[in-house]
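This is target.cif. It holds mmCIF, C-alpha atoms.
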```
data_model
#
loop_
_atom_site.label_atom_id
_atom_site.label_comp_id
_atom_site.auth_asym_id
_atom_site.auth_seq_id
_atom_site.Cartn_x
_atom_site.Cartn_y
_atom_site.Cartn_z
CA MET A 1 126.51 49.54 62.94
CA GLY A 2 122.98 49.34 64.36
CA HIS A 3 121.63 46.60 66.56
CA ALA A 4 120.86 43.68 64.24
CA LYS A 5 118.23 41.74 66.16
CA PRO A 6 114.70 43.03 66.84
CA VAL A 7 114.08 44.25 70.37
CA VAL A 8 111.03 43.92 72.63
CA LEU A 9 110.26 45.72 75.88
CA VAL A 10 107.96 43.78 78.21
CA THR A 11 106.54 45.65 81.20
CA GLY A 12 105.76 43.51 84.21
CA GLY A 13 108.12 41.04 82.60
CA GLY A 14 109.30 39.13 85.65
CA THR A 15 106.30 36.91 86.34
CA GLY A 16 103.19 35.37 84.81
CA ILE A 17 102.22 36.55 81.33
CA GLY A 18 105.17 38.93 81.25
CA ARG A 19 107.68 36.15 81.88
CA GLY A 20 105.96 33.98 79.30
CA ALA A 21 106.19 36.78 76.74
CA VAL A 22 109.87 37.46 77.48
CA LEU A 23 110.76 33.81 76.94
CA ALA A 24 108.60 33.45 73.83
CA PHE A 25 110.27 36.45 72.19
CA ALA A 26 113.73 35.33 73.29
CA ALA A 27 113.15 31.91 71.75
CA ALA A 28 111.95 33.61 68.55
CA GLY A 29 115.20 35.54 68.13
CA TYR A 30 114.43 38.84 69.84
CA ASP A 31 116.58 40.67 72.34
CA VAL A 32 114.59 41.74 75.39
CA ALA A 33 114.26 44.52 77.93
CA ILE A 34 112.50 43.23 81.03
CA ASN A 35 110.70 45.79 83.15
CA TYR A 36 109.77 45.12 86.75
CA SER A 37 108.67 47.19 89.72
CA ARG A 38 108.81 44.99 92.82
CA SER A 39 109.51 41.40 91.67
CA LYS A 40 113.30 41.75 91.62
CA GLU A 41 114.20 38.10 92.21
CA ALA A 42 111.62 36.81 89.74
CA ALA A 43 112.81 39.33 87.14
CA ALA A 44 116.42 38.23 87.63
CA ASP A 45 115.36 34.62 87.11
CA THR A 46 113.51 35.57 83.92
CA LEU A 47 116.59 37.48 82.74
CA ALA A 48 118.76 34.40 83.20
CA ALA A 49 116.24 32.21 81.37
CA ALA A 50 116.07 34.65 78.44
CA ARG A 51 119.85 34.69 78.15
CA LYS A 52 119.92 30.90 78.10
CA LEU A 53 117.64 31.09 75.06
CA GLY A 54 120.23 33.24 73.29
CA ALA A 55 118.78 36.70 73.87
CA GLU A 56 120.71 39.76 74.88
CA ALA A 57 118.61 40.86 77.83
CA ILE A 58 118.54 43.69 80.34
CA LEU A 59 116.51 44.51 83.45
CA VAL A 60 114.91 47.93 83.84
CA ARG A 61 113.22 48.75 87.14
CA CYS A 62 110.35 51.22 86.86
CA ASP A 63 106.88 51.84 88.25
CA VAL A 64 104.93 52.54 85.06
CA SER A 65 102.70 55.04 86.89
CA ASP A 66 105.77 57.30 87.32
CA ASP A 67 106.11 59.18 84.02
CA PRO A 68 109.69 60.49 84.49
CA ALA A 69 110.78 56.95 85.40
CA VAL A 70 108.98 55.61 82.31
CA ARG A 71 110.80 58.05 80.05
CA GLU A 72 114.12 57.08 81.61
CA MET A 73 113.29 53.38 81.13
CA VAL A 74 112.68 53.86 77.42
CA ALA A 75 115.83 56.00 77.17
CA GLU A 76 117.79 53.14 78.75
CA VAL A 77 116.41 50.73 76.14
CA GLU A 78 117.51 53.13 73.41
CA ARG A 79 120.97 53.58 74.94
CA HIS A 80 121.51 49.84 75.24
CA PHE A 81 119.94 48.55 72.03
CA GLY A 82 119.47 51.60 69.83
CA ARG A 83 116.05 50.38 68.71
CA LEU A 84 112.65 49.08 69.84
CA ASP A 85 110.42 46.98 67.60
CA VAL A 86 107.76 45.65 69.95
CA LEU A 87 106.22 46.91 73.19
CA VAL A 88 104.28 44.52 75.40
CA ASN A 89 102.27 46.52 77.94
CA ASN A 90 101.72 43.89 80.59
CA ALA A 91 102.39 45.65 83.92
CA GLY A 92 99.29 45.60 86.07
CA THR A 93 97.93 45.60 89.58
CA THR A 94 94.64 44.80 91.24
CA SER A 95 92.67 45.24 94.45
CA THR A 96 91.90 42.80 97.23
CA VAL A 97 88.42 44.25 97.77
CA ALA A 98 85.63 41.84 96.83
CA ALA A 99 83.65 42.82 93.73
CA SER A 100 80.45 43.00 95.78
CA ASP A 101 81.95 45.26 98.47
CA PHE A 102 81.20 48.70 97.04
CA ASP A 103 81.84 50.45 100.37
CA GLY A 104 85.25 48.81 100.65
CA VAL A 105 86.58 50.54 97.54
CA THR A 106 88.64 53.58 98.53
CA ALA A 107 89.60 56.44 96.23
CA GLU A 108 93.26 55.66 96.86
CA ASN A 109 92.82 52.03 95.85
CA TRP A 110 90.80 52.90 92.75
CA ASP A 111 93.31 55.55 91.66
CA ARG A 112 96.30 53.24 92.16
CA VAL A 113 94.79 50.52 89.96
CA PHE A 114 94.02 53.02 87.21
CA ALA A 115 97.43 54.71 87.57
CA VAL A 116 99.20 51.45 86.77
CA ASN A 117 96.77 49.65 84.47
CA VAL A 118 95.60 52.56 82.32
CA ARG A 119 97.68 55.71 82.74
CA GLY A 120 100.85 53.66 83.05
CA MET A 121 100.07 51.81 79.84
CA PHE A 122 99.53 55.11 78.03
CA GLN A 123 102.71 56.64 79.46
CA VAL A 124 104.89 53.71 78.37
CA THR A 125 103.35 53.72 74.89
CA ARG A 126 103.78 57.47 74.53
CA ALA A 127 107.45 57.28 75.53
CA ALA A 128 108.06 54.37 73.14
CA VAL A 129 106.33 55.85 70.08
CA PRO A 130 109.43 57.53 68.54
CA LEU A 131 111.44 54.30 68.69
CA LEU A 132 108.54 52.18 67.45
CA ARG A 133 107.99 54.54 64.51
CA ALA A 134 111.69 54.45 63.68
CA ALA A 135 111.56 50.63 63.63
CA GLY A 136 109.45 50.82 60.48
CA ASN A 137 106.88 48.26 61.56
CA GLY A 138 106.35 48.91 65.26
CA CYS A 139 103.92 46.86 67.25
CA VAL A 140 102.23 47.25 70.64
CA VAL A 141 100.39 44.44 72.42
CA ASN A 142 98.46 45.31 75.57
CA THR A 143 97.27 42.92 78.25
CA ALA A 144 93.55 43.41 78.83
CA SER A 145 91.27 40.77 80.40
CA ILE A 146 88.04 38.97 79.71
CA VAL A 147 86.53 41.00 82.56
CA GLY A 148 87.17 44.11 80.51
CA LEU A 149 84.68 42.75 77.98
CA ARG A 150 82.06 41.09 80.18
CA PRO A 151 81.21 41.05 83.90
CA GLY A 152 83.14 38.72 86.17
CA PRO A 153 84.12 38.19 89.80
CA GLN A 154 87.21 40.40 89.65
CA PRO A 155 87.47 43.52 91.87
CA LEU A 156 85.61 46.55 90.53
CA ALA A 157 88.61 48.80 89.94
CA TYR A 158 90.50 46.05 88.14
CA ALA A 159 87.62 45.05 85.86
CA THR A 160 86.83 48.66 85.00
CA SER A 161 90.49 49.43 84.32
CA LYS A 162 90.66 46.53 81.87
CA ALA A 163 87.59 47.87 80.05
CA ALA A 164 89.54 51.13 79.74
CA VAL A 165 92.50 49.18 78.34
CA VAL A 166 90.21 47.75 75.66
CA ASN A 167 89.16 51.22 74.54
CA LEU A 168 92.66 52.66 74.90
CA THR A 169 93.93 49.93 72.58
CA LYS A 170 91.43 50.91 69.89
CA VAL A 171 92.13 54.64 70.27
CA LEU A 172 95.89 54.11 70.08
CA ALA A 173 95.50 51.90 67.01
CA TYR A 174 93.49 54.65 65.33
CA HIS A 175 96.03 57.36 66.05
CA LEU A 176 99.31 55.46 65.65
CA GLY A 177 98.63 53.77 62.32
CA PRO A 178 99.95 53.14 59.78
CA GLU A 179 103.45 53.01 61.30
CA ILE A 180 102.48 51.22 64.52
CA ARG A 181 99.93 48.46 65.06
CA VAL A 182 98.23 48.22 68.46
CA ASN A 183 96.30 45.17 69.65
CA ALA A 184 95.43 43.55 72.95
CA VAL A 185 94.98 40.10 74.43
CA ALA A 186 92.12 39.35 76.82
CA PRO A 187 92.86 36.18 78.78
CA GLY A 188 90.14 34.27 80.56
CA TRP A 189 90.64 32.51 83.89
CA MET A 190 94.37 31.80 83.90
CA GLU A 191 96.20 29.16 85.86
CA GLY A 192 98.78 30.48 88.30
CA ASP A 193 99.47 32.82 91.19
CA TRP A 194 97.22 35.70 90.07
CA MET A 195 94.04 33.63 90.18
CA LYS A 196 95.21 31.86 93.33
CA ARG A 197 95.31 35.24 95.05
CA MET A 198 91.84 36.09 93.73
CA LEU A 199 90.15 32.76 94.52
CA ASN A 200 92.10 31.74 97.66
CA ASP A 201 90.98 28.33 98.95
CA LYS A 202 88.39 28.01 96.16
CA TYR A 203 91.06 28.08 93.46
CA ASP A 204 91.18 24.35 92.67
CA SER A 205 87.43 23.76 92.65
CA LEU A 206 86.51 26.87 90.68
CA MET A 207 89.25 26.43 88.12
CA GLU A 208 88.25 22.79 87.64
CA ARG A 209 84.64 23.82 87.14
CA ARG A 210 85.64 26.50 84.64
CA ALA A 211 87.72 23.96 82.69
CA ARG A 212 84.75 21.56 82.56
CA HIS A 213 82.60 24.23 80.91
CA THR A 214 85.30 25.33 78.45
CA PRO A 215 85.19 23.77 74.97
CA LEU A 216 88.94 23.07 75.07
CA LYS A 217 88.53 21.53 78.57
CA ARG A 218 91.22 23.48 80.41
CA CYS A 219 91.95 27.00 81.60
CA VAL A 220 94.37 29.34 79.88
CA THR A 221 98.05 29.43 80.83
CA ALA A 222 100.63 32.20 80.66
CA ASP A 223 102.28 30.34 77.77
CA ASP A 224 99.00 30.38 75.82
CA VAL A 225 98.83 34.15 76.19
CA ALA A 226 102.51 34.61 75.33
CA GLU A 227 102.06 32.57 72.16
CA THR A 228 99.27 34.90 71.01
CA ILE A 229 101.26 38.04 71.92
CA LEU A 230 104.21 36.81 69.85
CA ASN A 231 101.91 35.93 66.95
CA LEU A 232 100.37 39.42 66.98
CA ALA A 233 103.86 40.91 66.80
CA GLN A 234 105.31 38.65 64.12
CA SER A 235 102.28 38.00 61.95
CA ASN A 236 98.84 39.54 61.35
CA ARG A 237 100.41 42.50 59.55
CA PHE A 238 97.01 43.98 58.64
CA VAL A 239 95.45 43.54 62.08
CA THR A 240 95.24 46.50 64.45
CA GLY A 241 92.79 47.71 67.07
CA GLU A 242 91.69 44.16 67.87
CA ILE A 243 91.12 42.45 71.22
CA VAL A 244 91.98 38.74 71.05
CA VAL A 245 90.11 36.68 73.64
CA ILE A 246 92.12 33.71 74.94
CA ASP A 247 89.80 31.54 77.01
CA GLY A 248 89.48 28.24 75.17
CA GLY A 249 86.06 29.20 73.85
CA PHE A 250 84.41 29.69 77.25
CA SER A 251 82.94 33.12 76.51
CA SER A 252 81.52 31.97 73.19
CA SER A 253 79.78 28.98 74.72
CA THR A 254 78.01 30.63 77.67
#
```

How does the structure come out when it is put into structure tokens?
Amino acid sequence: MGHAKPVVLVTGGGTGIGRGAVLAFAAAGYDVAINYSRSKEAAADTLAAARKLGAEAILVRCDVSDDPAVREMVAEVERHFGRLDVLVNNAGTTSTVAASDFDGVTAENWDRVFAVNVRGMFQVTRAAVPLLRAAGNGCVVNTASIVGLRPGPQPLAYATSKAAVVNLTKVLAYHLGPEIRVNAVAPGWMEGDWMKRMLNDKYDSLMERRARHTPLKRCVTADDVAETILNLAQSNRFVTGEIVVIDGGFSSST
């Protein structure tokens, strides 16, 4: 007998948006495969939380820039669950070089960001395509960013990689339909550790200012993004190739 419950694989699933997505899918009745690369303790905590919500859950360690490891990760999902219905491509990395410091950007840094954020996303999707097609209504949701759609203060390699994610999403949607839908979410300034690392001691003041100028009067949270990811997987059956901005209306009001 096949695995009865739908299954989701979330890359970068231990923290932030990835953790939020894992728990949202677990609460919605999915079983989950949680990918992580370095955040072992956080991933283990997310695993325990997903199991408390009733999900059968596994951890799969893999650097998504490593194609053989990616293929083994997807093979492990197939061995354990026998199916894959949804892929959430959330694994990502960034640079610590200021956006204005052109000379500080090294080839190694640029290539690493693109290897994870763009090539890694493609590699995971490619490996997952046979299982997603077999599911009958496969769905991919990619994590882009508002800085992939408009300029922002994020490091150059990161912002440019997210613009590539936007286009990759549309290209994949074109080529993988009608069996597989592919969409992306583009969060705005999000509360939490990621923006704290980017803004350092200016985090509180800049986030408060951003919230003031946002129609919904707050900044986005990981749970906001996870809610939209889940909705794109469960609903919107005739929506593909779209980039859903999640910023409380900030980008539409400036």

### Task
Run the PyMOL selection byres ((chain A and resi 81) around 12) against the file shown and list the residues it catches, as a list of chain:residue names.
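Selected by the PyMOL selection byres ((chain A and resi 81) around 12) here: A:Met1, A:Gly2, A:His3, A:Ala4, A:Lys5, A:Pro6, A:Val7, A:Val8, A:Leu9, A:Tyr30, A:Asp31, A:Val32, A:Ala33, A:Glu56, A:Ala57, A:Ile58, A:Val74, A:Ala75, A:Glu76, A:Val77, A:Glu78, A:Arg79, A:His80, A:Gly82, A:Arg83, A:Leu84, A:Asp85, A:Leu131.
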
### Task
Select, counting all atoms listed in the file, all protein, DNA and RNA residues no farther than 10 Å from (87.7, 46.1, 71.6) in file coordinates, and express the selection as a list in words.
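Output of the proximity query reads Ala144, Gly148, Leu149, Ala163, Ala164, Val165, Val166, Asn167, Leu168, Thr169, Lys170, Val171, Asn183, Ala184, Val185, Ala186, Gly241, Glu242, Ile243, Val244 and Val245 of chain A.
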
Using 12 Å as the limit and counting all atoms listed in the file, can you tabulate each residue of region 108-167 of chain A that touches region 212-224 of chain A, with its shortest atom-to-atom distance in Å and the two atoms involved, as JSON lines?
```
{"residue": "A:Thr143", "atom": "CA", "partner": "A:Ala222", "partner_atom": "CA", "distance": 11.5}
{"residue": "A:Ser145", "atom": "CA", "partner": "A:Val220", "partner_atom": "CA", "distance": 11.9}
{"residue": "A:Ile146", "atom": "CA", "partner": "A:Val220", "partner_atom": "CA", "distance": 11.5}
```

Using only C-alpha atoms, please write the residues we just selected to a file, as an mmCIF file, in the frame of the given file.
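New file result.cif:
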```cif
data_model
loop_
_atom_site.group_PDB
_atom_site.id
_atom_site.type_symbol
_atom_site.label_atom_id
_atom_site.label_comp_id
_atom_site.auth_asym_id
_atom_site.auth_seq_id
_atom_site.Cartn_x
_atom_site.Cartn_y
_atom_site.Cartn_z
ATOM 1 C CA THR A 143 97.270 42.920 78.250
ATOM 2 C CA SER A 145 91.270 40.770 80.400
ATOM 3 C CA ILE A 146 88.040 38.970 79.710
#
```

#### Entry: Between CA of Trp189 (chain A) and CA of Asp201 (chain A) - distance in Å to one decimal
15.6 Å

### Query
Which residue, A:Gly192, A:Pro187, A:Gly16, A:Pro130, has the smallest gap to Ile246 (chain A) when you use all atoms listed in the file?
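Once distances to Ile246 (chain A) are computed over all atoms listed in the file, the minimum belongs to A:Pro187.
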
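Of the residues listed (A:Ala21, A:Ala157, A:Val182, A:Val140), A:Ala157 shows the shortest atom-to-atom separation from Ala115 (chain A); distances use all atoms listed in the file.
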
### Query
Between CA of Ala98 (chain A) and CA of Val118 (chain A), what is the distance, to one decimal in Å?
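Going from CA of Ala98 (chain A) over to CA of Val118 (chain A), I get 20.6 Å.
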
### Task
On this file, the PyMOL selection byres ((chain A and resi 207) around 9) gives some set of residues; write that set as an MDAnalysis selection string.
chainID A and resid 189:191 195 202:206 208:212 218:219

### Query
Could you spell out the hits of the PyMOL selection byres ((chain A and resi 66-71) around 9) on the shown file, as number ranges by chain?
A: 61-65, 72-76, 115-116, 120, 123-124, 126-128

As JSON, what would the box around region 231-240 of chain A look like: edges along x, y and z, 3 Å added on every side, centre and edge lengths in Å to one decimal?
```
{"center_x": 100.3, "center_y": 41.2, "center_z": 62.8, "size_x": 16.1, "size_y": 16.6, "size_z": 14.3}
```

### Query
Pick from A:Leu59, A:Ala26, A:Val88, A:Leu232: nearest to Ala42 (chain A), with only C-alpha atoms counted?
A:Leu59

### Task
Could you tell me how far CA of Ala49 (chain A) lies from CA of Phe25 (chain A), in Å and to one decimal?
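Taking CA of Ala49 (chain A) and CA of Phe25 (chain A), their separation equals 11.7 Å.
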
### Task
Rank A:Gly29, A:Pro151, A:Gly248, A:Gly13 by their smallest atom-to-atom distance to Leu87 (chain A), using only C-alpha atoms, and report the top residue only.
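The closest residue to Leu87 (chain A) is A:Gly13.
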
### Message
I'd like the contact shell of Leu176 (chain A) - 10 Å cut-off, only C-alpha atoms, skipping same-chain residues fewer than 5 positions apart - returned as a VMD selection string.
### Response
chain A and resid 129 132 to 133 138 to 139 171 181 to 182 240

Taking (100.7, 42.1, 80.5) in the file's own coordinates, collect the residues within 7 Å, counting only C-alpha atoms, and hand them back as a compact mmCIF listing (two decimals) with C-alpha atoms, in the frame of the given file.
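Result file is result-v2.txt:
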```
# COMPACT_ATOMS: atom_id res chain seq x y z
CA THR A 11 106.54 45.65 81.20
CA GLY A 12 105.76 43.51 84.21
CA ILE A 17 102.22 36.55 81.33
CA GLY A 18 105.17 38.93 81.25
CA VAL A 88 104.28 44.52 75.40
CA ASN A 89 102.27 46.52 77.94
CA ASN A 90 101.72 43.89 80.59
CA ALA A 91 102.39 45.65 83.92
CA GLY A 92 99.29 45.60 86.07
CA ASN A 142 98.46 45.31 75.57
CA THR A 143 97.27 42.92 78.25
```

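Taking only C-alpha atoms into account, Ala99 (chain A) lies nearest to A:Tyr158 out of the set A:Tyr36, A:Tyr174, A:Phe238, A:Tyr158.
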
Since the input is missing atoms, can you rebuild N, CA and C atoms for region 83-109 of chain A and write them as a tab-separated table (two decimals), keeping the file's coordinate frame?
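Generated output (out_16.tsv):
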```tsv
chain	number	residue	atom	x	y	z
A	83	ARG	N	117.29	50.60	69.45
A	83	ARG	CA	116.05	50.38	68.71
A	83	ARG	C	115.01	49.74	69.61
A	84	LEU	N	113.74	49.79	69.17
A	84	LEU	CA	112.65	49.08	69.84
A	84	LEU	C	111.61	48.75	68.77
A	85	ASP	N	111.34	47.46	68.63
A	85	ASP	CA	110.42	46.98	67.60
A	85	ASP	C	109.05	46.62	68.14
A	86	VAL	N	109.01	46.12	69.36
A	86	VAL	CA	107.76	45.65	69.95
A	86	VAL	C	107.68	46.10	71.41
A	87	LEU	N	106.51	46.58	71.79
A	87	LEU	CA	106.22	46.91	73.19
A	87	LEU	C	105.09	46.02	73.67
A	88	VAL	N	105.33	45.32	74.76
A	88	VAL	CA	104.28	44.52	75.40
A	88	VAL	C	103.92	45.20	76.71
A	89	ASN	N	102.76	45.83	76.74
A	89	ASN	CA	102.27	46.52	77.94
A	89	ASN	C	101.55	45.52	78.83
A	90	ASN	N	102.30	44.94	79.75
A	90	ASN	CA	101.72	43.89	80.59
A	90	ASN	C	101.66	44.25	82.07
A	91	ALA	N	102.38	45.28	82.49
A	91	ALA	CA	102.39	45.65	83.92
A	91	ALA	C	100.97	45.92	84.40
A	92	GLY	N	100.63	45.39	85.55
A	92	GLY	CA	99.29	45.60	86.07
A	92	GLY	C	99.22	45.33	87.56
A	93	THR	N	98.17	45.85	88.16
A	93	THR	CA	97.93	45.60	89.58
A	93	THR	C	96.43	45.44	89.78
A	94	THR	N	96.05	45.02	90.95
A	94	THR	CA	94.64	44.80	91.24
A	94	THR	C	94.34	45.21	92.67
A	95	SER	N	93.13	44.92	93.10
A	95	SER	CA	92.67	45.24	94.45
A	95	SER	C	92.29	43.95	95.15
A	96	THR	N	92.33	43.97	96.46
A	96	THR	CA	91.90	42.80	97.23
A	96	THR	C	90.46	42.93	97.70
A	97	VAL	N	89.80	44.03	97.34
A	97	VAL	CA	88.42	44.25	97.77
A	97	VAL	C	87.48	43.42	96.90
A	98	ALA	N	86.58	42.68	97.56
A	98	ALA	CA	85.63	41.84	96.83
A	98	ALA	C	84.78	42.67	95.89
A	99	ALA	N	84.42	42.10	94.74
A	99	ALA	CA	83.65	42.82	93.73
A	99	ALA	C	82.31	43.33	94.27
A	100	SER	N	81.75	42.63	95.24
A	100	SER	CA	80.45	43.00	95.78
A	100	SER	C	80.54	44.04	96.90
A	101	ASP	N	81.76	44.35	97.34
A	101	ASP	CA	81.95	45.26	98.47
A	101	ASP	C	82.15	46.68	97.97
A	102	PHE	N	81.09	47.35	97.57
A	102	PHE	CA	81.20	48.70	97.04
A	102	PHE	C	81.79	49.66	98.07
A	103	ASP	N	81.37	49.54	99.32
A	103	ASP	CA	81.84	50.45	100.37
A	103	ASP	C	83.31	50.25	100.70
A	104	GLY	N	83.85	49.08	100.35
A	104	GLY	CA	85.25	48.81	100.65
A	104	GLY	C	86.23	49.42	99.66
A	105	VAL	N	85.72	49.95	98.57
A	105	VAL	CA	86.58	50.54	97.54
A	105	VAL	C	86.93	51.97	97.93
A	106	THR	N	88.20	52.23	98.18
A	106	THR	CA	88.64	53.58	98.53
A	106	THR	C	89.11	54.31	97.27
A	107	ALA	N	89.11	55.64	97.36
A	107	ALA	CA	89.60	56.44	96.23
A	107	ALA	C	91.07	56.14	95.96
A	108	GLU	N	91.84	55.94	97.03
A	108	GLU	CA	93.26	55.66	96.86
A	108	GLU	C	93.48	54.34	96.13
A	109	ASN	N	92.69	53.33	96.50
A	109	ASN	CA	92.82	52.03	95.85
A	109	ASN	C	92.41	52.11	94.38
```
